[in-house]
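Enquirer: Provided herewith: run_34.txt, compact mmCIF, C-alpha atoms and all ligand atoms.
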# COMPACT_ATOMS: atom_id res chain seq x y z
CA MET A 996 -12.68 -27.06 -28.51
CA VAL A 997 -10.35 -29.04 -26.30
CA TYR A 998 -11.01 -29.25 -22.59
CA ILE A 999 -7.87 -29.59 -20.51
CA PRO A 1000 -6.91 -28.61 -16.98
CA THR A 1001 -5.22 -25.23 -16.68
CA ARG A 1002 -1.95 -26.60 -15.33
CA LEU A 1003 -1.75 -29.17 -18.06
CA ALA A 1004 -2.59 -26.55 -20.65
CA ALA A 1005 0.20 -24.32 -19.39
CA THR A 1006 2.58 -27.26 -19.57
CA LEU A 1007 1.55 -28.09 -23.10
CA LEU A 1008 2.06 -24.50 -24.12
CA ALA A 1009 5.55 -24.68 -22.63
CA LEU A 1010 6.45 -27.86 -24.52
CA PRO A 1011 8.41 -26.06 -27.24
CA LEU A 1012 10.72 -24.96 -24.45
CA LEU A 1013 11.24 -28.43 -23.10
CA ALA A 1014 11.99 -29.62 -26.61
CA ARG A 1015 14.73 -27.03 -26.83
CA GLY A 1016 16.20 -28.12 -23.54
CA VAL A 1017 15.32 -24.94 -21.65
CA PRO A 1018 15.31 -25.91 -17.97
CA LEU A 1019 11.88 -25.49 -16.42
CA VAL A 1020 12.99 -24.69 -12.92
CA ASP A 1021 10.10 -24.47 -10.49
CA ARG A 1022 10.69 -21.03 -9.00
CA GLY A 1023 7.58 -21.11 -6.88
CA GLU A 1024 4.44 -19.26 -7.75
CA GLY A 1025 3.42 -15.79 -6.72
CA PRO A 1026 0.19 -15.18 -4.84
CA SER A 1027 -3.24 -15.79 -6.31
CA SER A 1028 -6.38 -14.04 -5.24
CA ASP A 1029 -9.74 -15.68 -4.73
CA GLU A 1030 -11.60 -12.50 -3.92
CA ALA A 1031 -15.07 -12.24 -5.42
CA THR A 1032 -15.35 -10.42 -8.73
CA THR A 1033 -17.60 -7.42 -9.24
CA ALA A 1034 -19.72 -6.61 -12.28
CA VAL A 1035 -18.44 -3.96 -14.67
CA SER A 1036 -21.22 -1.73 -16.00
CA ASP A 1037 -21.84 -0.82 -19.63
CA ASP A 1038 -21.19 2.81 -18.68
CA THR A 1039 -17.71 1.92 -17.44
CA ILE A 1040 -17.06 -0.16 -20.54
CA ASN A 1041 -18.17 2.62 -22.87
CA ALA A 1042 -16.30 5.32 -20.96
CA ASN A 1043 -13.02 3.48 -20.35
CA PHE A 1044 -12.53 0.46 -22.56
CA VAL A 1045 -14.15 0.89 -25.98
CA ARG A 1046 -11.89 3.67 -27.26
CA PRO A 1047 -8.64 1.92 -26.23
CA ALA A 1048 -9.91 -1.22 -27.99
CA GLN A 1049 -10.58 0.79 -31.14
CA PHE A 1050 -7.09 2.29 -31.05
CA ALA A 1051 -5.47 -1.11 -30.41
CA ARG A 1052 -7.26 -2.51 -33.48
CA ILE A 1053 -5.91 0.31 -35.68
CA ALA A 1054 -2.34 -0.73 -34.84
CA TYR A 1055 -3.01 -3.73 -37.14
CA CYS A 1056 -3.63 -1.48 -40.17
CA SER A 1057 -0.85 -0.61 -42.64
CA SER A 1058 1.45 2.29 -41.73
CA ASP A 1059 0.30 4.07 -44.85
CA ALA A 1060 -3.37 3.92 -43.83
CA VAL A 1061 -2.59 5.00 -40.26
CA GLU A 1062 -0.40 7.90 -41.39
CA LYS A 1063 -3.26 9.30 -43.47
CA TRP A 1064 -5.75 8.29 -40.78
CA ASP A 1065 -7.72 6.71 -43.58
CA CYS A 1066 -8.09 3.13 -42.41
CA GLY A 1067 -11.72 2.40 -43.17
CA GLU A 1068 -14.13 1.25 -40.50
CA PRO A 1069 -11.51 1.06 -37.70
CA CYS A 1070 -10.69 4.78 -38.12
CA GLN A 1071 -14.32 5.76 -38.70
CA ALA A 1072 -15.32 4.08 -35.43
CA LEU A 1073 -13.28 6.74 -33.59
CA GLY A 1074 -14.66 9.70 -35.50
CA MET A 1075 -12.86 10.98 -38.57
CA GLY A 1076 -10.74 14.09 -38.28
CA ASP A 1077 -10.46 13.84 -34.55
CA VAL A 1078 -7.15 12.03 -34.48
CA GLU A 1079 -3.78 13.24 -35.72
CA PRO A 1080 -0.94 10.71 -35.94
CA LEU A 1081 2.38 12.07 -34.63
CA VAL A 1082 4.55 9.09 -35.45
CA VAL A 1083 3.81 5.80 -37.22
CA GLY A 1084 6.41 3.07 -37.31
CA GLY A 1085 7.31 -0.59 -37.23
CA ASP A 1086 7.50 -3.10 -40.06
CA GLY A 1087 4.74 -5.51 -39.03
CA GLY A 1088 7.39 -8.18 -38.41
CA ARG A 1089 10.46 -7.89 -36.20
CA ILE A 1090 9.18 -4.50 -35.10
CA PRO A 1091 5.40 -4.70 -34.72
CA ARG A 1092 3.62 -1.60 -35.99
CA PHE A 1093 2.97 1.20 -33.55
CA PHE A 1094 1.82 4.77 -33.50
CA VAL A 1095 1.60 7.80 -31.26
CA ALA A 1096 -1.34 10.08 -32.00
CA HIS A 1097 -3.14 13.14 -30.67
CA ASP A 1098 -6.74 12.28 -29.83
CA LYS A 1099 -8.59 15.60 -29.85
CA THR A 1100 -11.80 14.05 -28.55
CA THR A 1101 -10.23 13.07 -25.24
CA GLN A 1102 -7.50 15.76 -25.20
CA SER A 1103 -4.82 13.12 -24.85
CA LEU A 1104 -1.99 11.39 -26.61
CA VAL A 1105 -2.44 7.74 -27.54
CA VAL A 1106 0.33 5.14 -27.79
CA ALA A 1107 -0.72 1.89 -29.50
CA HIS A 1108 1.16 -1.29 -30.41
CA GLN A 1109 0.28 -4.05 -32.85
CA GLY A 1110 0.27 -7.68 -31.72
CA THR A 1111 1.18 -10.81 -33.57
CA ASP A 1112 -0.81 -12.81 -36.02
CA ALA A 1113 -3.22 -15.05 -34.07
CA SER A 1114 -1.98 -18.21 -35.74
CA ASN A 1115 1.51 -17.75 -34.41
CA VAL A 1116 1.05 -15.87 -31.16
CA LEU A 1117 1.67 -18.90 -28.95
CA SER A 1118 4.86 -19.77 -30.75
CA VAL A 1119 6.12 -16.21 -30.38
CA ILE A 1120 5.42 -16.15 -26.67
CA ASN A 1121 6.93 -19.57 -26.13
CA ASP A 1122 9.83 -18.91 -28.43
CA ALA A 1123 13.54 -19.08 -27.79
CA GLU A 1124 13.56 -15.70 -26.08
CA PHE A 1125 11.29 -16.95 -23.32
CA ILE A 1126 13.87 -16.47 -20.63
CA LEU A 1127 13.40 -13.89 -17.88
CA LYS A 1128 16.03 -11.16 -17.90
CA ASP A 1129 16.69 -8.11 -15.75
CA ILE A 1130 14.66 -5.08 -16.79
CA ASN A 1131 16.60 -2.32 -18.60
CA SER A 1132 17.60 0.19 -15.93
CA THR A 1133 18.10 3.01 -18.45
CA LEU A 1134 14.52 2.85 -19.69
CA PHE A 1135 13.10 1.94 -16.27
CA PRO A 1136 15.21 3.98 -13.85
CA LYS A 1137 12.91 3.41 -10.87
CA ALA A 1138 12.46 -0.35 -11.26
CA GLY A 1139 14.84 -1.35 -8.47
CA SER A 1140 16.48 -4.76 -8.36
CA GLY A 1141 14.89 -8.15 -8.84
CA VAL A 1142 12.53 -7.11 -11.62
CA GLN A 1143 12.73 -9.49 -14.55
CA VAL A 1144 10.85 -9.47 -17.83
CA HIS A 1145 10.29 -11.79 -20.79
CA ASP A 1146 13.40 -11.57 -22.93
CA GLY A 1147 11.62 -11.33 -26.29
CA PHE A 1148 9.12 -8.72 -25.08
CA ALA A 1149 11.94 -6.63 -23.63
CA TRP A 1150 13.94 -6.62 -26.88
CA THR A 1151 10.84 -5.76 -28.86
CA GLN A 1152 9.89 -2.90 -26.53
CA GLU A 1153 13.44 -1.51 -26.64
CA ARG A 1154 13.33 -1.20 -30.44
CA THR A 1155 10.63 1.49 -30.26
CA ALA A 1156 11.12 2.84 -26.72
CA ASP A 1157 13.23 5.89 -27.56
CA THR A 1158 10.90 6.98 -30.38
CA VAL A 1159 7.81 6.54 -28.22
CA LEU A 1160 9.25 8.45 -25.27
CA ALA A 1161 10.60 11.32 -27.40
CA THR A 1162 7.35 11.64 -29.38
CA VAL A 1163 5.22 11.65 -26.24
CA LYS A 1164 7.44 14.23 -24.54
CA ALA A 1165 7.28 16.53 -27.57
CA GLY A 1166 3.56 15.91 -28.10
CA LEU A 1167 2.60 16.80 -24.53
CA VAL A 1168 4.11 20.22 -25.15
CA SER A 1169 3.10 20.85 -28.76
CA LYS A 1170 -0.48 19.62 -28.24
CA ASN A 1171 -0.79 21.14 -24.77
CA VAL A 1172 -2.22 18.00 -23.20
CA SER A 1173 -1.41 16.20 -19.96
CA LYS A 1174 -2.93 12.78 -20.53
CA VAL A 1175 -1.53 9.69 -22.25
CA ALA A 1176 -3.57 6.59 -23.09
CA VAL A 1177 -1.54 3.45 -23.74
CA THR A 1178 -2.97 0.39 -25.45
CA GLY A 1179 -2.19 -2.73 -27.45
CA HIS A 1180 -3.26 -6.31 -28.03
CA SER A 1181 -1.38 -9.59 -27.51
CA LEU A 1182 2.38 -9.04 -27.91
CA GLY A 1183 1.39 -5.38 -28.37
CA ALA A 1184 -0.26 -5.49 -24.94
CA ALA A 1185 3.01 -6.67 -23.38
CA ILE A 1186 4.93 -3.87 -25.11
CA ALA A 1187 2.29 -1.30 -24.16
CA THR A 1188 2.50 -2.34 -20.51
CA MET A 1189 6.26 -1.78 -20.53
CA ASP A 1190 5.74 1.56 -22.32
CA ALA A 1191 3.31 2.67 -19.61
CA LEU A 1192 5.88 1.91 -16.91
CA MET A 1193 8.59 3.66 -18.90
CA LEU A 1194 6.42 6.75 -19.43
CA LYS A 1195 5.39 6.89 -15.78
CA MET A 1196 9.04 6.73 -14.69
CA ASN A 1197 10.31 9.29 -17.20
CA LEU A 1198 7.57 11.92 -17.47
CA ASP A 1199 6.52 14.60 -15.03
CA PRO A 1200 4.36 13.00 -12.30
CA SER A 1201 1.52 15.38 -13.21
CA VAL A 1202 1.05 13.59 -16.55
CA GLU A 1203 -1.90 11.23 -16.24
CA ILE A 1204 -1.21 7.85 -17.82
CA SER A 1205 -4.01 5.34 -18.33
CA THR A 1206 -3.39 1.92 -19.73
CA VAL A 1207 -5.94 -0.54 -21.09
CA VAL A 1208 -4.55 -3.58 -22.91
CA PHE A 1209 -6.14 -6.66 -24.44
CA GLY A 1210 -5.16 -10.35 -24.50
CA LEU A 1211 -2.03 -9.72 -22.42
CA PRO A 1212 0.41 -12.61 -21.91
CA ARG A 1213 2.36 -12.69 -18.64
CA GLY A 1214 5.32 -10.33 -19.07
CA GLY A 1215 7.63 -10.98 -16.16
CA ASN A 1216 8.23 -12.26 -12.65
CA SER A 1217 6.45 -11.43 -9.38
CA ASP A 1218 8.65 -8.38 -8.81
CA TYR A 1219 7.57 -7.11 -12.23
CA ALA A 1220 3.90 -7.72 -11.36
CA ASN A 1221 4.37 -5.83 -8.09
CA LEU A 1222 6.17 -3.01 -9.91
CA ILE A 1223 3.17 -2.59 -12.24
CA ASP A 1224 0.86 -2.49 -9.22
CA SER A 1225 2.94 0.05 -7.32
CA THR A 1226 3.75 2.27 -10.31
CA LEU A 1227 0.51 2.20 -12.29
CA GLY A 1228 -2.04 1.05 -9.71
CA SER A 1229 -5.66 1.38 -10.75
CA SER A 1230 -4.69 3.23 -13.96
CA PHE A 1231 -3.69 -0.17 -15.40
CA THR A 1232 -6.30 -2.58 -16.77
CA PHE A 1233 -5.85 -5.72 -18.81
CA ILE A 1234 -8.88 -7.20 -20.50
CA THR A 1235 -9.07 -10.96 -20.86
CA HIS A 1236 -11.63 -12.59 -23.12
CA LYS A 1237 -13.35 -15.87 -22.25
CA ASN A 1238 -11.13 -18.87 -23.10
CA ASP A 1239 -8.19 -17.07 -24.67
CA PRO A 1240 -5.11 -19.10 -23.68
CA VAL A 1241 -2.63 -16.23 -24.25
CA PRO A 1242 -3.13 -14.58 -20.83
CA THR A 1243 -2.22 -17.91 -19.20
CA VAL A 1244 1.26 -18.07 -20.75
CA PRO A 1245 4.14 -18.12 -20.01
CA PRO A 1246 3.16 -20.38 -17.09
CA ARG A 1247 3.39 -19.36 -13.45
CA PHE A 1248 5.36 -22.39 -12.39
CA ILE A 1249 8.45 -21.08 -14.15
CA GLY A 1250 8.19 -17.77 -12.33
CA TYR A 1251 5.82 -15.62 -14.38
CA GLN A 1252 3.08 -13.62 -12.66
CA HIS A 1253 0.34 -11.20 -13.74
CA SER A 1254 -0.17 -7.89 -11.96
CA SER A 1255 -3.52 -6.75 -10.61
CA GLY A 1256 -5.97 -5.03 -12.91
CA GLU A 1257 -7.65 -7.86 -14.77
CA VAL A 1258 -11.11 -7.29 -16.22
CA HIS A 1259 -12.59 -10.49 -17.60
CA ILE A 1260 -15.23 -10.83 -20.31
CA SER A 1261 -17.08 -14.07 -19.66
CA GLN A 1262 -19.93 -13.69 -22.14
CA THR A 1263 -20.43 -11.90 -25.43
CA ASP A 1264 -23.46 -11.47 -27.62
CA ALA A 1265 -22.45 -12.98 -30.95
CA ALA A 1266 -24.89 -10.90 -33.01
CA SER A 1267 -23.79 -7.45 -31.74
CA GLY A 1268 -20.22 -8.29 -30.73
CA ASN A 1269 -20.85 -6.66 -27.34
CA ALA A 1270 -19.68 -8.06 -24.03
CA THR A 1271 -22.70 -9.06 -21.95
CA VAL A 1272 -20.96 -10.27 -18.78
CA THR A 1273 -17.80 -8.45 -17.73
CA VAL A 1274 -16.23 -8.59 -14.27
CA ALA A 1275 -13.40 -6.86 -12.41
CA CYS A 1276 -11.03 -9.35 -10.78
CA PRO A 1277 -9.39 -8.05 -7.58
CA GLY A 1278 -5.78 -8.94 -6.79
CA GLN A 1279 -3.17 -10.78 -8.82
CA GLU A 1280 -4.03 -14.02 -10.63
CA ASN A 1281 -7.63 -14.08 -9.45
CA SER A 1282 -8.86 -17.65 -9.55
CA ASN A 1283 -12.33 -16.50 -10.59
CA CYS A 1284 -11.00 -15.06 -13.83
CA VAL A 1285 -8.94 -16.17 -16.83
CA ASP A 1286 -6.46 -18.28 -14.92
CA GLY A 1287 -8.86 -19.73 -12.43
CA ASN A 1288 -10.93 -22.62 -13.64
CA SER A 1289 -9.79 -26.16 -13.11
CA LEU A 1290 -11.20 -26.93 -16.53
CA PHE A 1291 -11.45 -24.61 -19.48
CA SER A 1292 -11.67 -24.73 -23.18
CA ILE A 1293 -8.84 -23.14 -25.06
CA SER A 1294 -10.05 -20.98 -27.91
CA ILE A 1295 -7.56 -19.11 -30.08
CA PRO A 1296 -10.41 -17.15 -31.75
CA ASP A 1297 -11.24 -15.75 -28.29
CA HIS A 1298 -7.82 -14.08 -28.39
CA ILE A 1299 -8.97 -11.98 -31.35
CA GLY A 1300 -12.24 -10.86 -29.76
CA PRO A 1301 -14.70 -9.38 -30.09
CA TYR A 1302 -13.72 -7.42 -26.99
CA PHE A 1303 -16.24 -4.58 -26.68
CA ALA A 1304 -18.53 -2.91 -29.24
CA ASN A 1305 -17.68 -5.55 -31.85
CA VAL A 1306 -13.98 -4.69 -31.88
CA SER A 1307 -11.89 -7.64 -33.02
CA MET A 1308 -8.12 -7.34 -33.09
CA SER A 1309 -6.99 -7.93 -36.65
CA GLY A 1310 -6.24 -6.05 -39.83
CA LYS A 1311 -9.23 -7.66 -41.53
CA ASN A 1312 -11.26 -4.46 -41.73
CA CYS A 1313 -8.37 -2.19 -42.74
CA PRO A 1314 -7.68 -1.22 -46.36
CA LEU A 1315 -4.74 -3.10 -47.93
C1 LIG A 1401 18.48 -0.32 -22.66
O1 LIG A 1401 17.71 0.35 -23.65
C2 LIG A 1401 18.46 1.33 -24.33
C3 LIG A 1401 17.51 2.18 -25.15
O2 LIG A 1401 16.73 1.46 -26.05
C4 LIG A 1401 19.53 0.64 -25.15
O3 LIG A 1401 20.26 1.57 -25.89
C5 LIG A 1401 20.43 -0.14 -24.21
O4 LIG A 1401 21.36 -0.88 -24.93
C6 LIG A 1401 19.63 -1.06 -23.31
N1 LIG A 1401 20.51 -1.58 -22.25
C7 LIG A 1401 20.67 -2.87 -22.02
C8 LIG A 1401 21.57 -3.23 -20.90
O5 LIG A 1401 20.10 -3.73 -22.68
C1 LIG A 1402 -3.13 24.71 -22.47
O1 LIG A 1402 -4.23 24.06 -21.86
C2 LIG A 1402 -4.67 24.68 -20.66
C3 LIG A 1402 -5.84 23.87 -20.11
O2 LIG A 1402 -5.58 22.52 -20.14
C4 LIG A 1402 -5.10 26.12 -20.92
O3 LIG A 1402 -5.44 26.74 -19.70
C5 LIG A 1402 -3.98 26.88 -21.60
O4 LIG A 1402 -4.41 28.15 -21.95
C6 LIG A 1402 -3.48 26.14 -22.83
N1 LIG A 1402 -2.32 26.82 -23.39
C7 LIG A 1402 -2.23 27.12 -24.67
C8 LIG A 1402 -0.97 27.80 -25.11
O5 LIG A 1402 -3.10 26.85 -25.48
C1 LIG A 1403 -18.90 -7.09 -36.30
O1 LIG A 1403 -17.62 -7.09 -36.93
C2 LIG A 1403 -17.49 -8.04 -37.95
C3 LIG A 1403 -16.06 -7.99 -38.51
O2 LIG A 1403 -15.13 -8.04 -37.48
C4 LIG A 1403 -18.47 -7.78 -39.06
O3 LIG A 1403 -18.37 -8.77 -40.04
C5 LIG A 1403 -19.88 -7.77 -38.48
O4 LIG A 1403 -20.81 -7.39 -39.47
C6 LIG A 1403 -19.98 -6.79 -37.32
N1 LIG A 1403 -21.27 -6.92 -36.68
C7 LIG A 1403 -22.00 -5.87 -36.34
C8 LIG A 1403 -23.30 -6.16 -35.67
O5 LIG A 1403 -21.64 -4.72 -36.56
C1 LIG A 1404 -23.53 -2.63 -28.32
O1 LIG A 1404 -22.73 -1.60 -27.74
C2 LIG A 1404 -22.85 -0.35 -28.35
C3 LIG A 1404 -21.95 0.65 -27.65
O2 LIG A 1404 -20.78 0.11 -27.22
C4 LIG A 1404 -24.29 0.14 -28.25
O3 LIG A 1404 -24.41 1.35 -28.96
C5 LIG A 1404 -25.23 -0.90 -28.83
O4 LIG A 1404 -26.54 -0.50 -28.58
C6 LIG A 1404 -24.98 -2.27 -28.20
N1 LIG A 1404 -25.83 -3.26 -28.86
C7 LIG A 1404 -26.50 -4.17 -28.18
C8 LIG A 1404 -27.34 -5.09 -29.00
O5 LIG A 1404 -26.45 -4.27 -26.96
Step by step, read the file and then write its structure as structure tokens.
Expert:
Amino acid sequence: MVYIPTRLAATLLALPLLARGVPLVDRGEGPSSDEATTAVSDDTINANFVRPAQFARIAYCSSDAVEKWDCGEPCQALGMGDVEPLVVGGDGGRIPRFFVAHDKTTQSLVVAHQGTDASNVLSVINDAEFILKDINSTLFPKAGSGVQVHDGFAWTQERTADTVLATVKAGLVSKNVSKVAVTGHSLGAAIATMDALMLKMNLDPSVEISTVVFGLPRGGNSDYANLIDSTLGSSFTFITHKNDPVPTVPPRFIGYQHSSGEVHISQTDAASGNATVTVACPGQENSNCVDGNSLFSISIPDHIGPYFANVSMSGKNCPL
């Protein structure tokens, strides 16, 4: 493990940009909170976070396995026969895999997005399409002006947006449910966050949308962070795991900012794969959580997990 100061780490992660001549204008940083964290109980974890983690993991399985809901241990963990996929798509490459399903156990629809391969996640996030661009006003009609999002995330979200919205609208009626759970890991977490905003702005306000995402990179500017806070509020949670560097990129000094809603896992029990110390981090960019230490050790494996209940985000346990 390499110990480097946060700011330096962020700069190093932005080096591919500098090499390509992208100007790193210092746009000023948004606010950071230093409010004390509070412990998150096992009951809260089991009730609110384990199931989303299990769904996010399944987005890494092949479309074929997800369509049949026969994806080995990841599907079994949720209870066989309790989930009916409504749409399964993506190609695992340019369009990361995704699905919309009916979860009978919780009487809700689930939207889940696959992330990127751990070995290349940092290059994807820091790739050519790193630039902030105005949010799409067709998909996000209530965003207002000034909201900017990561170019690459926005294009990727757009490729599945119409399918996701149409499937959710139809599913709410055909399955007679009024709740939607949105999840994803890594790049999939960034897409899922945009999906949650899109759904909230386009569905009847009575539809309850809850979003829990894992290993989320920063997705946009301060106005975007504030939009997430004002639109999704406490229904939005992003889980960060120990020394995962992904939630600290793209860096704040070029204008990126996280919303509120961070829950940070600071210790896990290696034998069981359970989180043993988990805290809620009030405010945006809480200095007591993933972005806060003056020194930290970057660990790419921490990006994978385990998050809760031994759920690691990869296709390793899925059938081929
Ligand atoms: C916004 O998203 C829609 C739907 O995916 C797409 O057709 C349209 O081209 C996008 N608009 C812009 C300005 O990118
Ligand atoms: C739909 O669900 C509600 C409760 O959530 C129930 O009262 C109603 O009877 C259901 N409608 C149908 C057609 O099943
Ligand atoms: C946790 O998951 C890993 C695979 O991700 C597996 O090898 C291991 O046996 C699991 N541990 C427990 C205690 O279930
Ligand atoms: C790990 O968490 C699961 C539920 O999430 C629980 O059933 C199990 O007892 C926990 N194991 C340990 C060793 O804490």
Enquirer: When the cut-off is 10 Å and you count all atoms listed in the file, which residues lie near ligand LIG 1403 (chain A), shown as number ranges by chain?
Expert: A: 1068-1069, 1264-1269, 1299-1301, 1304-1312
Enquirer: Out of A:Thr1111, A:Ser1217, A:Ser1027, A:Gln1102, which residue has the shortest atom-to-atom distance to ligand LIG 1402 (chain A) when counting only C-alpha atoms and all ligand atoms?
Expert: A:Gln1102
Enquirer: To one decimal in Å, tell me the separation between atom CA of A:Gly1256 and atom CA of A:Val1142.
Expert: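 Distance reported for this atom pair: 18.7 Å.
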Enquirer: What is the distance between atom CA of A:Val1202 and atom CA of A:Glu1062, in Å to one decimal?
Expert: 25.5 Å
Enquirer: Can you check which parts of chain A lie within 12 Å of ligand LIG 1402 (chain A)? Per residue, the shortest pair of atoms and distance in Å to one decimal, counting all atoms listed in the file, sorted by chain and number, as a tab-separated table.
Expert:
residue	atom	partner	partner_atom	distance
A:Thr1101	CA	A:LIG1402	O2	11.7
A:Gln1102	CA	A:LIG1402	O2	8.7
A:Ser1103	CA	A:LIG1402	O2	10.5
A:Leu1167	CA	A:LIG1402	C1	10.0
A:Val1168	CA	A:LIG1402	C1	8.9
A:Ser1169	CA	A:LIG1402	C8	8.8
A:Lys1170	CA	A:LIG1402	C1	8.1
A:Asn1171	CA	A:LIG1402	C1	4.8
A:Val1172	CA	A:LIG1402	O2	6.4
A:Ser1173	CA	A:LIG1402	O2	7.6
A:Lys1174	CA	A:LIG1402	O2	10.1
A:Val1202	CA	A:LIG1402	O2	11.7
Enquirer: Expressed in Å to a single decimal, how great is the separation between atom CA of A:Cys1284 and atom CA of A:Met1189?
Expert: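 Pair atom CA of A:Cys1284 / atom CA of A:Met1189 returns 22.8 Å.
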Enquirer: Up to 9 Å from (5.2, 5.8, -28.2) in the file's coordinates: name the residues, counting all atoms listed in the file, as a list of chain:residue names.
Expert: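 Answer for this query, in the requested form: A:Val1082, A:Phe1093, A:Phe1094, A:Val1095, A:Ala1096, A:Val1105, A:Val1106, A:Ala1107, A:His1108, A:Thr1155, A:Ala1156, A:Asp1157, A:Thr1158, A:Val1159, A:Leu1160, A:Ala1161, A:Thr1162, A:Val1163, A:Val1177, A:Ala1187, A:Asp1190, A:Leu1194.
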Enquirer: List all protein, DNA and RNA residues that have any atom at most 12 Å from ligand LIG 1401 (chain A), counting only C-alpha atoms and all ligand atoms, and write the list as a ChimeraX atom specification.
Expert: /A:1128-1136,1144,1146-1147,1149-1161,1190,1193
Enquirer: Could you give me stretch 1164-1177 of chain A completed to N, CA and C atoms, formatted as a short mmCIF file (atom, residue, chain, number, x, y, z; two decimals), in the coordinates of the input?
Expert:
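Generated output (rebuild00.cif):
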data_model
loop_
_atom_site.label_atom_id
_atom_site.label_comp_id
_atom_site.auth_asym_id
_atom_site.auth_seq_id
_atom_site.Cartn_x
_atom_site.Cartn_y
_atom_site.Cartn_z
N LYS A 1164 6.95 13.01 -25.21
CA LYS A 1164 7.44 14.23 -24.54
C LYS A 1164 7.17 15.46 -25.39
N ALA A 1165 7.49 15.39 -26.68
CA ALA A 1165 7.28 16.53 -27.57
C ALA A 1165 5.79 16.82 -27.74
N GLY A 1166 4.99 15.76 -27.86
CA GLY A 1166 3.56 15.91 -28.10
C GLY A 1166 2.82 16.53 -26.93
N LEU A 1167 3.25 16.21 -25.72
CA LEU A 1167 2.60 16.80 -24.53
C LEU A 1167 2.73 18.32 -24.58
N VAL A 1168 3.89 18.78 -25.07
CA VAL A 1168 4.11 20.22 -25.15
C VAL A 1168 3.39 20.80 -26.37
N SER A 1169 3.64 20.23 -27.54
CA SER A 1169 3.10 20.85 -28.76
C SER A 1169 1.58 20.78 -28.82
N LYS A 1170 0.99 19.76 -28.22
CA LYS A 1170 -0.48 19.62 -28.24
C LYS A 1170 -1.11 20.15 -26.95
N ASN A 1171 -0.28 20.58 -26.03
CA ASN A 1171 -0.79 21.14 -24.77
C ASN A 1171 -1.78 20.20 -24.09
N VAL A 1172 -1.37 18.95 -23.92
CA VAL A 1172 -2.22 18.00 -23.20
C VAL A 1172 -1.42 17.40 -22.04
N SER A 1173 -2.12 16.77 -21.11
CA SER A 1173 -1.41 16.20 -19.96
C SER A 1173 -1.87 14.77 -19.67
N LYS A 1174 -2.49 14.16 -20.71
CA LYS A 1174 -2.93 12.78 -20.53
C LYS A 1174 -2.38 11.89 -21.65
N VAL A 1175 -1.99 10.67 -21.27
CA VAL A 1175 -1.53 9.69 -22.25
C VAL A 1175 -2.31 8.40 -22.05
N ALA A 1176 -2.88 7.88 -23.13
CA ALA A 1176 -3.57 6.59 -23.09
C ALA A 1176 -2.72 5.57 -23.82
N VAL A 1177 -2.43 4.45 -23.16
CA VAL A 1177 -1.54 3.45 -23.74
C VAL A 1177 -2.34 2.18 -23.97
#
